[in-house]
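The structure appears right after this line, and notes come after that.
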Amino acid sequence: MEIILIFISAAIVNNFVLTYFLGICPFIGVSKKVETALNMGMATTFVMTLTAAITWLINTYILIKFNVPFLEYVAFIITIASLVQLVEMFIRKVSPALFRALGIFLPLITTNCAILGLALFAVLREYNFIESVVFGLGAGVGFTLALVIMAGIREELEFMDVPESFKGAPITLLIAGMLALSFMGFAGLLSV
Amino acid sequence: MAPDGEVTLSKDFIKGLWKENPVIRQILGMCPTLAVTNSATNGLAMGLATTFVVISASTIVSIIKSLVPRQVRIATYVIIIASFVTIADLFLAAKFPSISKALGPYVPLIVVNCIILGRAEAFASKHPVHRAFIDALGMGVGFSWALILLGSIRELLGFGSIFGFKIMGAWFTPWIIMILPGGAFITLGIIIGLINQFTGSRTVDTSCH
Amino acid sequence: MDKRIIKMIVVLTATAVLSGGILALVYKKAEPLIEANRLRELKKAIFLVLPEAKDYKTVEKKGFNIYIGIDENGSQVGYAFVATGPGFQGKIKMMVGLANDMKTLTGMKVLEQVETPGLGNRISEDTFQGQFKGLSTEPEITYVKNKKPEKPNEIQAITGATISSKSVVAIVNKELKKVVKALKEEEVEKTYGP
């Protein structure tokens with residue numbers, strides 16, 4: 001039950017992009033086509049789930065064990081950067097087709113604050129291993145959801161007559177605001 | 001030589017304030033910009049913390065630029081940035097616990113604020129120390145004022161105060177939406193749109209990548 | 001080629017070692033201050049929910065900490081404990097004060113919450129928290145809507161934020177039961193001794 005709550009909370013109720021503002025850069029920059037958004041979302045979800053698992057291990061078996069909490073940020077960001085590299089090399093070897101679909105997004109993921117945010121939130125909330133992984137997966141799904149919805153709206157937006165000065169980032173931010181408000185409707189799903 | 005040098009320095013500083021303002025012009029560092037600006041004080045604190053990190057990181061990067069091999073430069077920069085962020089985080093937690101609590105995990109997230117790595121990579125690694133310092137200072141101040149502006153507007157309309165001082169009288173009903181996540185997006189969208197309108201320019205949508 | 005790789009390794013190692021060393025130093029300076037801040041916050045919250053307390057001692061019972069408040073004469077004035085649970089949007093964390101008789105609350109203070117600003121987050125306001133002072137916990141705390149509470153175990157829910165109010169009541173009830181149980185077991189142990 002707890003696990004389902006964590007998943008739903010990360011994916012919908014406290015959506016990473018729309019409530020915590022994590023992963024805004026790709027949200028504003030990349031989300032122009034639904035298909036690209038979906039691929040980007042899947043690549044990110046994959047890395048997020050993996051990151052959640054590995055940073056949990058690092059936190060538990062290195063940072064806590066050797067009592068060096070002050071290395072948390074350095075350790076996490078190095079882990080994430082190396083992880084993304086490894087995933088990139090691995091996918092390129094194993095499935096060139098998948099690499100063509102996801103490859104170009106992988107380098108962008110390192111600087112996506114949603115990944116580091118995920119690792120930090122998982123530590124802050126004192127999740128155990130399984131909870132961390134589910135949290136990572138949920139956050140990834142939430143990120144994908146927000147990205148795809150935004151891309152869908154922006155595809156329609158192409159045909160709209162947006163004032164010149166609001167084109168690009170400003171209109172995207174305004175739409176994101178509406179989305180964030182509508183996602184608030186999900187609040188309360190979790191309460192007793 | 002001297003006057004020329006001064007002109008470059010002041011240019012290095014001023015471009016961050018307006019023409020290349022990280023928030024309003026370059027749409028960088030959105031995550032802290034939106035997340036912590038529910039009050040002017042939080043915006044100021046985040047601005048100062050980020051300014052500290054960007055200045056320190058740029059200065060160090062500029063000093064060691066000739067020592068670092070090209071292939072590992074990003075890794076080195078990231079370690080340097082993460083270290084300064086840890087220092088800023090520990091300092092806030094020790095000296096200003098309430099601010100530290102209000103900003104929460106958004107302090108460590110300065111690590112992935114694209115402004116900092118961006119300045120290290122695009123400017124500090126190619127310019128002498130004094131210019132790197134001034135450039136970083138400009139970017140930090142530019143980032144800070146944008147955050148304070150956003151924080152003040154949201155706090156004024158959402159709580160009726162600025163920096164905790166009551167501005168609006170009892171007649172004022174706070175606009176709750178302004179302190180909700182949705183309000184952050186909408187306020188920033190309107191600010192950037194209006195600035196574009198009045199300056200007749202478009203946002204350079206560089207993003208961090 | 002080899003030389004370049006060596007240089008890469010040397011630079012990276014040097015950066016890592018230097019940053020680790022500096023951070024260790026800074027941490028050593030900052031850690032006692034951070035710990036002191038944490039304790040001061042805790043103390044403030046305990047004294048708020050146990051107004052007569054001038055000092056406290058911590059006992060650990062079944063995995064959670066119970067703080068026993070003591071007045072200036074050294075006699076016990078009540079218990080305080082931290083209650084955590086799910087609210088409308090996320091976790092709510094509270095400090096709850098319990099009188100010696102274990103049937104009356106002496107106060108409640110919300111420590112952390114992420115409820116909706118302007119509605120649910122009003123659980124942090126004194127008008128709401130104050131209702132828990134002197135509240136009877138028997139048979140169980142309940143809430144009423146849009147009218148003044150009549151029974152000694154009732155509080156009035158915040159208008160427009162029934163779920164947040166309900167969550168607070170549910171969390172307090174649930175954690176209270178656990179604490180009272182743990183405390184009673186301790187008493188049994190004291191009386192009959194192992």
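FYI, nothing fancy with the structure tokens labels: chains A, B, ... in order, residues from 1 per chain, ligands from 1 as they appear.
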8 Å contacts from chain C to chain A using only C-alpha atoms, as a PyMOL selection string: chain C and resi 20+23-24+27+86-90+163+167+170
Interface, chain B side, toward chain A (7 Å; only C-alpha atoms) as a ChimeraX atom specification: /B:30-31,34-35,79,82-83,86,105,108-109,112,181-183,185-186,189-190,192-193,196-197,202,207,209
Using only C-alpha atoms, what does the table of chain C residues within 7 Å of chain B look like, with each row giving the shortest atom pair and its distance in Å to one decimal, sorted by chain and ascending number, as a Markdown table?
| residue | atom | partner | partner_atom | distance |
| --- | --- | --- | --- | --- |
| C:Met8 | CA | B:Pro69 | CA | 6.0 |
| C:Val11 | CA | B:Val68 | CA | 6.5 |
| C:Leu12 | CA | B:Thr76 | CA | 6.2 |
| C:Thr15 | CA | B:Thr76 | CA | 6.6 |
| C:Ala16 | CA | B:Ile79 | CA | 6.9 |
| C:Ser19 | CA | B:Ser83 | CA | 6.0 |
| C:Leu23 | CA | B:Ser83 | CA | 6.8 |
| C:Val26 | CA | B:Ile87 | CA | 6.8 |
| C:Tyr27 | CA | B:Leu90 | CA | 6.9 |
| C:Ala30 | CA | B:Ala94 | CA | 5.6 |
| C:Leu33 | CA | B:Ala94 | CA | 5.1 |
| C:Ile34 | CA | B:Ala94 | CA | 4.6 |
| C:Asn37 | CA | B:Pro97 | CA | 6.9 |
| C:Pro117 | CA | B:Ile176 | CA | 6.5 |
| C:Gly118 | CA | B:Ile176 | CA | 5.9 |
Residues of segment 53-96 of chain C in strand (DSSP E or B), written as JSON, numbers by chain: {"C": [55, 56, 57, 58, 59, 60, 61, 64, 65, 66, 67, 68, 69, 70, 76, 77, 78, 79, 80, 81, 82, 83, 84, 85, 86, 91, 92, 93, 94, 95, 96]}
Spatial neighbours of segment 59-61 of chain B, 10 Å, only C-alpha atoms, chain gap at least 2 places, as a count of residues only: 33
Those in chain B with alpha helix (DSSP H) from DSSP, as a CSV table (one decimal) with N, CA and C atoms, in the first residue's frame:
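Saved as result_8.csv:
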chain,number,residue,atom,x,y,z
B,2,ALA,N,44.8,50.5,-20.0
B,2,ALA,CA,44.0,50.5,-18.7
B,2,ALA,C,42.5,50.8,-19.0
B,3,PRO,N,42.2,51.9,-19.7
B,3,PRO,CA,40.8,52.3,-19.9
B,3,PRO,C,40.1,51.2,-20.7
B,4,ASP,N,40.8,50.6,-21.7
B,4,ASP,CA,40.2,49.5,-22.5
B,4,ASP,C,39.7,48.4,-21.5
B,5,GLY,N,40.7,48.0,-20.7
B,5,GLY,CA,40.4,46.9,-19.7
B,5,GLY,C,39.2,47.2,-18.9
B,6,GLU,N,39.1,48.5,-18.4
B,6,GLU,CA,38.0,48.8,-17.6
B,6,GLU,C,36.7,48.7,-18.4
B,7,VAL,N,36.7,49.1,-19.6
B,7,VAL,CA,35.5,49.0,-20.4
B,7,VAL,C,35.1,47.6,-20.5
B,8,THR,N,36.0,46.7,-20.8
B,8,THR,CA,35.7,45.3,-20.9
B,8,THR,C,35.1,44.7,-19.6
B,9,LEU,N,35.7,45.1,-18.5
B,9,LEU,CA,35.2,44.6,-17.2
B,9,LEU,C,33.8,45.1,-16.9
B,10,SER,N,33.6,46.4,-17.2
B,10,SER,CA,32.2,46.8,-16.9
B,10,SER,C,31.2,46.2,-17.8
B,11,LYS,N,31.6,45.9,-19.1
B,11,LYS,CA,30.8,45.2,-20.0
B,11,LYS,C,30.5,43.8,-19.5
B,12,ASP,N,31.6,43.1,-19.0
B,12,ASP,CA,31.4,41.8,-18.5
B,12,ASP,C,30.4,41.7,-17.4
B,13,PHE,N,30.4,42.8,-16.6
B,13,PHE,CA,29.5,42.8,-15.4
B,13,PHE,C,28.1,43.1,-15.9
B,14,ILE,N,27.9,44.2,-16.7
B,14,ILE,CA,26.6,44.7,-17.1
B,14,ILE,C,25.8,43.7,-17.9
B,15,LYS,N,26.5,42.9,-18.7
B,15,LYS,CA,25.7,42.0,-19.6
B,15,LYS,C,24.8,41.0,-18.8
B,16,GLY,N,25.3,40.6,-17.7
B,16,GLY,CA,24.6,39.7,-16.8
B,16,GLY,C,23.3,40.3,-16.3
B,17,LEU,N,23.4,41.6,-16.0
B,17,LEU,CA,22.2,42.3,-15.4
B,17,LEU,C,21.0,42.3,-16.3
B,30,MET,N,15.7,27.6,-14.1
B,30,MET,CA,14.3,27.7,-13.9
B,30,MET,C,13.8,27.1,-12.6
B,31,CYS,N,14.5,26.0,-12.3
B,31,CYS,CA,14.0,25.2,-11.1
B,31,CYS,C,14.1,26.0,-9.8
B,32,PRO,N,15.2,26.6,-9.4
B,32,PRO,CA,15.2,27.4,-8.2
B,32,PRO,C,14.4,28.7,-8.4
B,33,THR,N,14.4,29.2,-9.6
B,33,THR,CA,13.7,30.5,-9.9
B,33,THR,C,12.2,30.3,-9.5
B,34,LEU,N,11.6,29.2,-9.9
B,34,LEU,CA,10.2,29.0,-9.7
B,34,LEU,C,9.9,28.5,-8.3
B,35,ALA,N,10.8,27.6,-7.8
B,35,ALA,CA,10.5,26.9,-6.6
B,35,ALA,C,10.6,27.7,-5.4
B,40,ALA,N,10.0,37.2,-1.1
B,40,ALA,CA,11.1,38.0,-1.5
B,40,ALA,C,12.4,37.5,-0.7
B,41,THR,N,12.2,37.2,0.6
B,41,THR,CA,13.4,36.8,1.4
B,41,THR,C,14.0,35.5,0.8
B,42,ASN,N,13.1,34.5,0.5
B,42,ASN,CA,13.6,33.3,-0.1
B,42,ASN,C,14.3,33.5,-1.4
B,43,GLY,N,13.8,34.4,-2.2
B,43,GLY,CA,14.4,34.7,-3.5
B,43,GLY,C,15.8,35.3,-3.3
B,44,LEU,N,15.9,36.3,-2.3
B,44,LEU,CA,17.2,36.9,-2.0
B,44,LEU,C,18.2,35.9,-1.5
B,45,ALA,N,17.7,35.0,-0.6
B,45,ALA,CA,18.6,34.0,-0.1
B,45,ALA,C,19.2,33.0,-1.2
B,46,MET,N,18.3,32.6,-2.0
B,46,MET,CA,18.7,31.7,-3.1
B,46,MET,C,19.6,32.5,-4.1
B,47,GLY,N,19.3,33.7,-4.4
B,47,GLY,CA,20.1,34.5,-5.2
B,47,GLY,C,21.5,34.7,-4.7
B,48,LEU,N,21.6,35.0,-3.3
B,48,LEU,CA,23.0,35.1,-2.7
B,48,LEU,C,23.7,33.8,-2.8
B,49,ALA,N,23.1,32.7,-2.4
B,49,ALA,CA,23.7,31.4,-2.4
B,49,ALA,C,24.3,31.0,-3.8
B,50,THR,N,23.4,31.3,-4.8
B,50,THR,CA,23.8,31.0,-6.2
B,50,THR,C,25.0,31.9,-6.6
B,51,THR,N,24.9,33.2,-6.2
B,51,THR,CA,26.0,34.1,-6.6
B,51,THR,C,27.3,33.7,-6.0
B,52,PHE,N,27.2,33.2,-4.7
B,52,PHE,CA,28.5,32.7,-4.0
B,52,PHE,C,29.0,31.6,-4.8
B,53,VAL,N,28.2,30.6,-5.2
B,53,VAL,CA,28.7,29.4,-5.9
B,53,VAL,C,29.2,29.8,-7.3
B,54,VAL,N,28.5,30.6,-8.0
B,54,VAL,CA,29.0,30.9,-9.4
B,54,VAL,C,30.3,31.7,-9.3
B,55,ILE,N,30.4,32.6,-8.4
B,55,ILE,CA,31.7,33.4,-8.3
B,55,ILE,C,32.8,32.5,-7.9
B,56,SER,N,32.6,31.7,-6.9
B,56,SER,CA,33.7,30.8,-6.4
B,56,SER,C,34.1,29.8,-7.5
B,57,ALA,N,33.1,29.2,-8.1
B,57,ALA,CA,33.4,28.2,-9.1
B,57,ALA,C,34.1,28.8,-10.3
B,58,SER,N,33.6,29.9,-10.8
B,58,SER,CA,34.2,30.6,-12.0
B,58,SER,C,35.6,31.0,-11.7
B,59,THR,N,35.9,31.5,-10.5
B,59,THR,CA,37.2,32.0,-10.2
B,59,THR,C,38.2,30.8,-10.2
B,60,ILE,N,37.8,29.7,-9.5
B,60,ILE,CA,38.7,28.5,-9.4
B,60,ILE,C,38.9,27.9,-10.8
B,61,VAL,N,37.8,27.8,-11.6
B,61,VAL,CA,37.9,27.2,-12.9
B,61,VAL,C,38.9,28.1,-13.7
B,62,SER,N,38.8,29.4,-13.6
B,62,SER,CA,39.7,30.2,-14.4
B,62,SER,C,41.2,30.1,-13.9
B,63,ILE,N,41.4,29.9,-12.6
B,63,ILE,CA,42.7,29.7,-12.1
B,63,ILE,C,43.4,28.4,-12.7
B,64,ILE,N,42.6,27.4,-12.6
B,64,ILE,CA,43.2,26.1,-13.0
B,64,ILE,C,43.0,25.7,-14.4
B,73,ARG,N,37.4,18.0,-18.2
B,73,ARG,CA,37.1,19.4,-17.6
B,73,ARG,C,35.7,19.4,-17.0
B,74,ILE,N,34.7,18.9,-17.7
B,74,ILE,CA,33.4,18.9,-17.2
B,74,ILE,C,33.3,18.2,-15.8
B,75,ALA,N,33.9,17.0,-15.7
B,75,ALA,CA,33.9,16.3,-14.5
B,75,ALA,C,34.6,17.1,-13.4
B,76,THR,N,35.7,17.7,-13.7
B,76,THR,CA,36.4,18.6,-12.7
B,76,THR,C,35.5,19.7,-12.3
B,77,TYR,N,34.9,20.4,-13.2
B,77,TYR,CA,34.1,21.6,-12.9
B,77,TYR,C,32.9,21.2,-12.0
B,78,VAL,N,32.3,20.0,-12.3
B,78,VAL,CA,31.2,19.6,-11.6
B,78,VAL,C,31.6,19.3,-10.1
B,79,ILE,N,32.7,18.7,-9.9
B,79,ILE,CA,33.2,18.4,-8.5
B,79,ILE,C,33.4,19.7,-7.8
B,80,ILE,N,34.0,20.7,-8.5
B,80,ILE,CA,34.3,22.0,-7.9
B,80,ILE,C,32.9,22.7,-7.5
B,81,ILE,N,32.0,22.6,-8.4
B,81,ILE,CA,30.7,23.3,-8.2
B,81,ILE,C,30.0,22.6,-7.0
B,82,ALA,N,30.0,21.3,-7.0
B,82,ALA,CA,29.3,20.5,-6.0
B,82,ALA,C,29.9,20.8,-4.6
B,83,SER,N,31.2,21.0,-4.6
B,83,SER,CA,31.9,21.3,-3.3
B,83,SER,C,31.5,22.6,-2.8
B,84,PHE,N,31.4,23.7,-3.6
B,84,PHE,CA,31.0,25.0,-3.2
B,84,PHE,C,29.5,25.0,-2.7
B,85,VAL,N,28.7,24.2,-3.4
B,85,VAL,CA,27.3,24.1,-3.0
B,85,VAL,C,27.2,23.5,-1.7
B,86,THR,N,28.0,22.4,-1.4
B,86,THR,CA,28.0,21.8,-0.1
B,86,THR,C,28.4,22.8,1.0
B,87,ILE,N,29.4,23.6,0.7
B,87,ILE,CA,29.8,24.7,1.7
B,87,ILE,C,28.7,25.6,1.9
B,88,ALA,N,28.0,26.1,0.8
B,88,ALA,CA,26.9,27.0,1.0
B,88,ALA,C,25.8,26.4,1.8
B,89,ASP,N,25.5,25.2,1.6
B,89,ASP,CA,24.4,24.5,2.3
B,89,ASP,C,24.7,24.3,3.8
B,90,LEU,N,26.0,23.9,4.1
B,90,LEU,CA,26.4,23.8,5.5
B,90,LEU,C,26.3,25.1,6.2
B,91,PHE,N,26.8,26.1,5.5
B,91,PHE,CA,26.8,27.5,6.1
B,91,PHE,C,25.4,27.9,6.4
B,92,LEU,N,24.5,27.8,5.5
B,92,LEU,CA,23.1,28.2,5.7
B,92,LEU,C,22.5,27.4,6.9
B,93,ALA,N,22.7,26.1,6.9
B,93,ALA,CA,22.2,25.2,8.0
B,93,ALA,C,22.7,25.6,9.3
B,94,ALA,N,24.0,26.0,9.4
B,94,ALA,CA,24.6,26.3,10.6
B,94,ALA,C,24.2,27.7,11.1
B,95,LYS,N,24.2,28.7,10.2
B,95,LYS,CA,24.0,30.1,10.6
B,95,LYS,C,22.5,30.6,10.4
B,97,PRO,N,19.3,28.7,10.1
B,97,PRO,CA,18.5,27.5,10.0
B,97,PRO,C,17.1,27.7,9.4
B,98,SER,N,16.5,28.8,9.6
B,98,SER,CA,15.2,29.0,9.1
B,98,SER,C,15.2,29.1,7.6
B,99,ILE,N,16.2,29.9,7.1
B,99,ILE,CA,16.3,30.0,5.6
B,99,ILE,C,16.6,28.7,5.0
B,100,SER,N,17.5,28.0,5.7
B,100,SER,CA,17.9,26.6,5.2
B,100,SER,C,16.7,25.7,5.1
B,101,LYS,N,15.8,25.8,6.1
B,101,LYS,CA,14.6,25.0,6.1
B,101,LYS,C,13.7,25.4,4.9
B,102,ALA,N,13.6,26.7,4.7
B,102,ALA,CA,12.6,27.2,3.7
B,102,ALA,C,13.1,26.8,2.3
B,103,LEU,N,14.4,26.8,2.1
B,103,LEU,CA,14.9,26.5,0.7
B,103,LEU,C,15.0,25.0,0.5
B,114,CYS,N,22.0,25.3,-14.5
B,114,CYS,CA,22.8,25.4,-15.7
B,114,CYS,C,23.7,26.7,-15.8
B,115,ILE,N,23.2,27.7,-15.0
B,115,ILE,CA,24.0,29.0,-15.1
B,115,ILE,C,25.4,28.8,-14.7
B,116,ILE,N,25.6,28.0,-13.6
B,116,ILE,CA,27.0,27.9,-13.1
B,116,ILE,C,27.9,27.1,-14.0
B,117,LEU,N,27.5,25.9,-14.4
B,117,LEU,CA,28.3,25.1,-15.3
B,117,LEU,C,28.5,25.9,-16.6
B,118,GLY,N,27.4,26.6,-17.0
B,118,GLY,CA,27.4,27.3,-18.3
B,118,GLY,C,28.5,28.4,-18.2
B,119,ARG,N,28.6,29.2,-17.1
B,119,ARG,CA,29.6,30.3,-17.0
B,119,ARG,C,31.0,29.7,-16.9
B,129,VAL,N,41.4,35.4,-14.7
B,129,VAL,CA,40.6,35.4,-13.4
B,129,VAL,C,39.8,36.6,-13.2
B,130,HIS,N,40.3,37.8,-13.3
B,130,HIS,CA,39.5,39.0,-13.0
B,130,HIS,C,38.3,39.1,-13.8
B,131,ARG,N,38.4,38.7,-15.1
B,131,ARG,CA,37.2,38.8,-15.9
B,131,ARG,C,36.2,37.7,-15.6
B,132,ALA,N,36.7,36.5,-15.3
B,132,ALA,CA,35.8,35.4,-14.9
B,132,ALA,C,35.0,35.8,-13.6
B,133,PHE,N,35.8,36.5,-12.7
B,133,PHE,CA,35.1,36.9,-11.4
B,133,PHE,C,34.0,37.9,-11.7
B,134,ILE,N,34.3,38.9,-12.5
B,134,ILE,CA,33.3,40.0,-12.8
B,134,ILE,C,32.2,39.4,-13.6
B,135,ASP,N,32.4,38.5,-14.5
B,135,ASP,CA,31.4,37.9,-15.3
B,135,ASP,C,30.4,37.1,-14.4
B,136,ALA,N,31.0,36.4,-13.5
B,136,ALA,CA,30.2,35.6,-12.5
B,136,ALA,C,29.4,36.5,-11.6
B,137,LEU,N,30.0,37.6,-11.1
B,137,LEU,CA,29.3,38.5,-10.3
B,137,LEU,C,28.1,39.1,-11.0
B,138,GLY,N,28.3,39.5,-12.3
B,138,GLY,CA,27.2,40.0,-13.0
B,138,GLY,C,26.1,39.0,-13.2
B,139,MET,N,26.4,37.8,-13.5
B,139,MET,CA,25.4,36.8,-13.7
B,139,MET,C,24.7,36.5,-12.3
B,140,GLY,N,25.5,36.5,-11.2
B,140,GLY,CA,24.9,36.3,-9.9
B,140,GLY,C,23.9,37.4,-9.5
B,141,VAL,N,24.3,38.6,-9.8
B,141,VAL,CA,23.5,39.8,-9.4
B,141,VAL,C,22.2,39.8,-10.3
B,142,GLY,N,22.4,39.5,-11.6
B,142,GLY,CA,21.3,39.4,-12.6
B,142,GLY,C,20.3,38.3,-12.2
B,143,PHE,N,20.8,37.2,-11.8
B,143,PHE,CA,20.0,36.1,-11.3
B,143,PHE,C,19.2,36.5,-10.0
B,144,SER,N,20.0,37.2,-9.1
B,144,SER,CA,19.3,37.5,-7.8
B,144,SER,C,18.2,38.5,-8.0
B,145,TRP,N,18.4,39.6,-8.8
B,145,TRP,CA,17.4,40.6,-8.9
B,145,TRP,C,16.1,40.0,-9.6
B,146,ALA,N,16.3,39.1,-10.5
B,146,ALA,CA,15.1,38.5,-11.1
B,146,ALA,C,14.4,37.7,-10.1
B,147,LEU,N,15.1,37.0,-9.2
B,147,LEU,CA,14.4,36.2,-8.2
B,147,LEU,C,13.7,37.0,-7.2
B,148,ILE,N,14.4,38.2,-6.8
B,148,ILE,CA,13.8,39.1,-5.8
B,148,ILE,C,12.5,39.7,-6.4
B,149,LEU,N,12.6,40.1,-7.7
B,149,LEU,CA,11.4,40.7,-8.3
B,149,LEU,C,10.3,39.7,-8.3
B,150,LEU,N,10.6,38.4,-8.8
B,150,LEU,CA,9.5,37.4,-8.8
B,150,LEU,C,9.0,37.1,-7.4
B,151,GLY,N,9.9,37.0,-6.4
B,151,GLY,CA,9.5,36.8,-5.1
B,151,GLY,C,8.7,37.9,-4.5
B,152,SER,N,9.1,39.1,-4.8
B,152,SER,CA,8.3,40.3,-4.2
B,152,SER,C,6.9,40.3,-4.8
B,153,ILE,N,6.8,40.1,-6.1
B,153,ILE,CA,5.4,40.1,-6.7
B,153,ILE,C,4.5,39.1,-6.1
B,154,ARG,N,5.1,37.8,-6.0
B,154,ARG,CA,4.3,36.7,-5.5
B,154,ARG,C,4.0,36.9,-4.0
B,155,GLU,N,4.9,37.5,-3.3
B,155,GLU,CA,4.7,37.7,-1.8
B,155,GLU,C,3.6,38.8,-1.6
B,156,LEU,N,3.8,39.9,-2.4
B,156,LEU,CA,2.9,41.0,-2.3
B,156,LEU,C,1.4,40.6,-2.6
B,157,LEU,N,1.2,39.8,-3.7
B,157,LEU,CA,-0.1,39.4,-4.0
B,157,LEU,C,-0.6,38.2,-3.3
B,158,GLY,N,0.3,37.4,-2.8
B,158,GLY,CA,-0.1,36.2,-2.2
B,158,GLY,C,-0.2,36.3,-0.7
B,159,PHE,N,0.6,37.2,-0.1
B,159,PHE,CA,0.5,37.4,1.4
B,159,PHE,C,0.2,38.9,1.8
B,181,PRO,N,2.3,26.5,-6.8
B,181,PRO,CA,3.2,26.3,-8.0
B,181,PRO,C,2.7,26.9,-9.3
B,182,GLY,N,1.4,26.8,-9.5
B,182,GLY,CA,0.8,27.4,-10.7
B,182,GLY,C,1.1,28.9,-10.8
B,183,GLY,N,1.0,29.6,-9.7
B,183,GLY,CA,1.3,31.0,-9.7
B,183,GLY,C,2.7,31.4,-10.1
B,184,ALA,N,3.6,30.5,-9.7
B,184,ALA,CA,5.0,30.7,-10.1
B,184,ALA,C,5.2,30.7,-11.6
B,185,PHE,N,4.6,29.7,-12.2
B,185,PHE,CA,4.8,29.6,-13.7
B,185,PHE,C,4.1,30.8,-14.3
B,186,ILE,N,2.9,31.1,-13.9
B,186,ILE,CA,2.1,32.2,-14.6
B,186,ILE,C,2.8,33.6,-14.4
B,187,THR,N,3.3,33.8,-13.1
B,187,THR,CA,3.9,35.1,-12.9
B,187,THR,C,5.1,35.3,-13.8
B,188,LEU,N,6.0,34.3,-13.8
B,188,LEU,CA,7.2,34.4,-14.6
B,188,LEU,C,6.9,34.5,-16.1
B,189,GLY,N,5.9,33.7,-16.5
B,189,GLY,CA,5.5,33.8,-17.9
B,189,GLY,C,5.1,35.2,-18.3
B,190,ILE,N,4.3,35.8,-17.4
B,190,ILE,CA,3.8,37.2,-17.7
B,190,ILE,C,5.0,38.2,-17.6
B,191,ILE,N,5.9,38.1,-16.6
B,191,ILE,CA,7.0,39.0,-16.5
B,191,ILE,C,7.8,39.0,-17.8
B,192,ILE,N,8.2,37.7,-18.2
B,192,ILE,CA,9.0,37.6,-19.4
B,192,ILE,C,8.3,38.2,-20.6
B,193,GLY,N,7.0,37.8,-20.8
B,193,GLY,CA,6.3,38.3,-21.9
B,193,GLY,C,6.2,39.8,-22.0
B,194,LEU,N,5.9,40.4,-20.8
B,194,LEU,CA,5.8,41.9,-20.8
B,194,LEU,C,7.1,42.5,-21.1
B,195,ILE,N,8.2,42.0,-20.5
B,195,ILE,CA,9.5,42.6,-20.8
B,195,ILE,C,9.8,42.5,-22.3
B,196,ASN,N,9.5,41.3,-22.9
B,196,ASN,CA,9.6,41.2,-24.4
B,196,ASN,C,8.8,42.3,-25.1
B,197,GLN,N,7.6,42.5,-24.6
B,197,GLN,CA,6.7,43.4,-25.3
B,197,GLN,C,7.3,44.8,-25.2
B,198,PHE,N,7.8,45.2,-24.1
B,198,PHE,CA,8.3,46.6,-23.9
B,198,PHE,C,9.7,46.8,-24.6
B,199,THR,N,10.5,45.8,-24.6
B,199,THR,CA,11.8,46.0,-25.2
B,199,THR,C,11.8,45.5,-26.7
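Residue nearest Gly78 of chain C, chosen from C:Asn153, C:Asn173, C:Thr58, C:Thr106 and counting only C-alpha atoms: C:Thr106.
When the distance limit is 10 Å and only C-alpha atoms are what count, the residues near Thr144 of chain A, minus those fewer than 3 positions from it on the same chain, are Ala11, Phe16, Val17, Phe27, Ala37, Leu38, Asn39, Met40, Gly41, Met42, Ala43, Thr44, Thr45, Gly138, Ala139, Gly140, Val141, Leu147, Val148, Ile149 and Met150 of chain A.
Pairwise distance (atom CA of Thr36 of chain A, atom CA of Asn21 of chain B) equals 28.9 Å.
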Lys109 of chain C surroundings by only C-alpha atoms, 12 Å radius, close-in-sequence under 4 positions cut, as a PyMOL selection string: chain C and resi 41-42+44-51+80-84+92-97+105+113+122-133+168+172
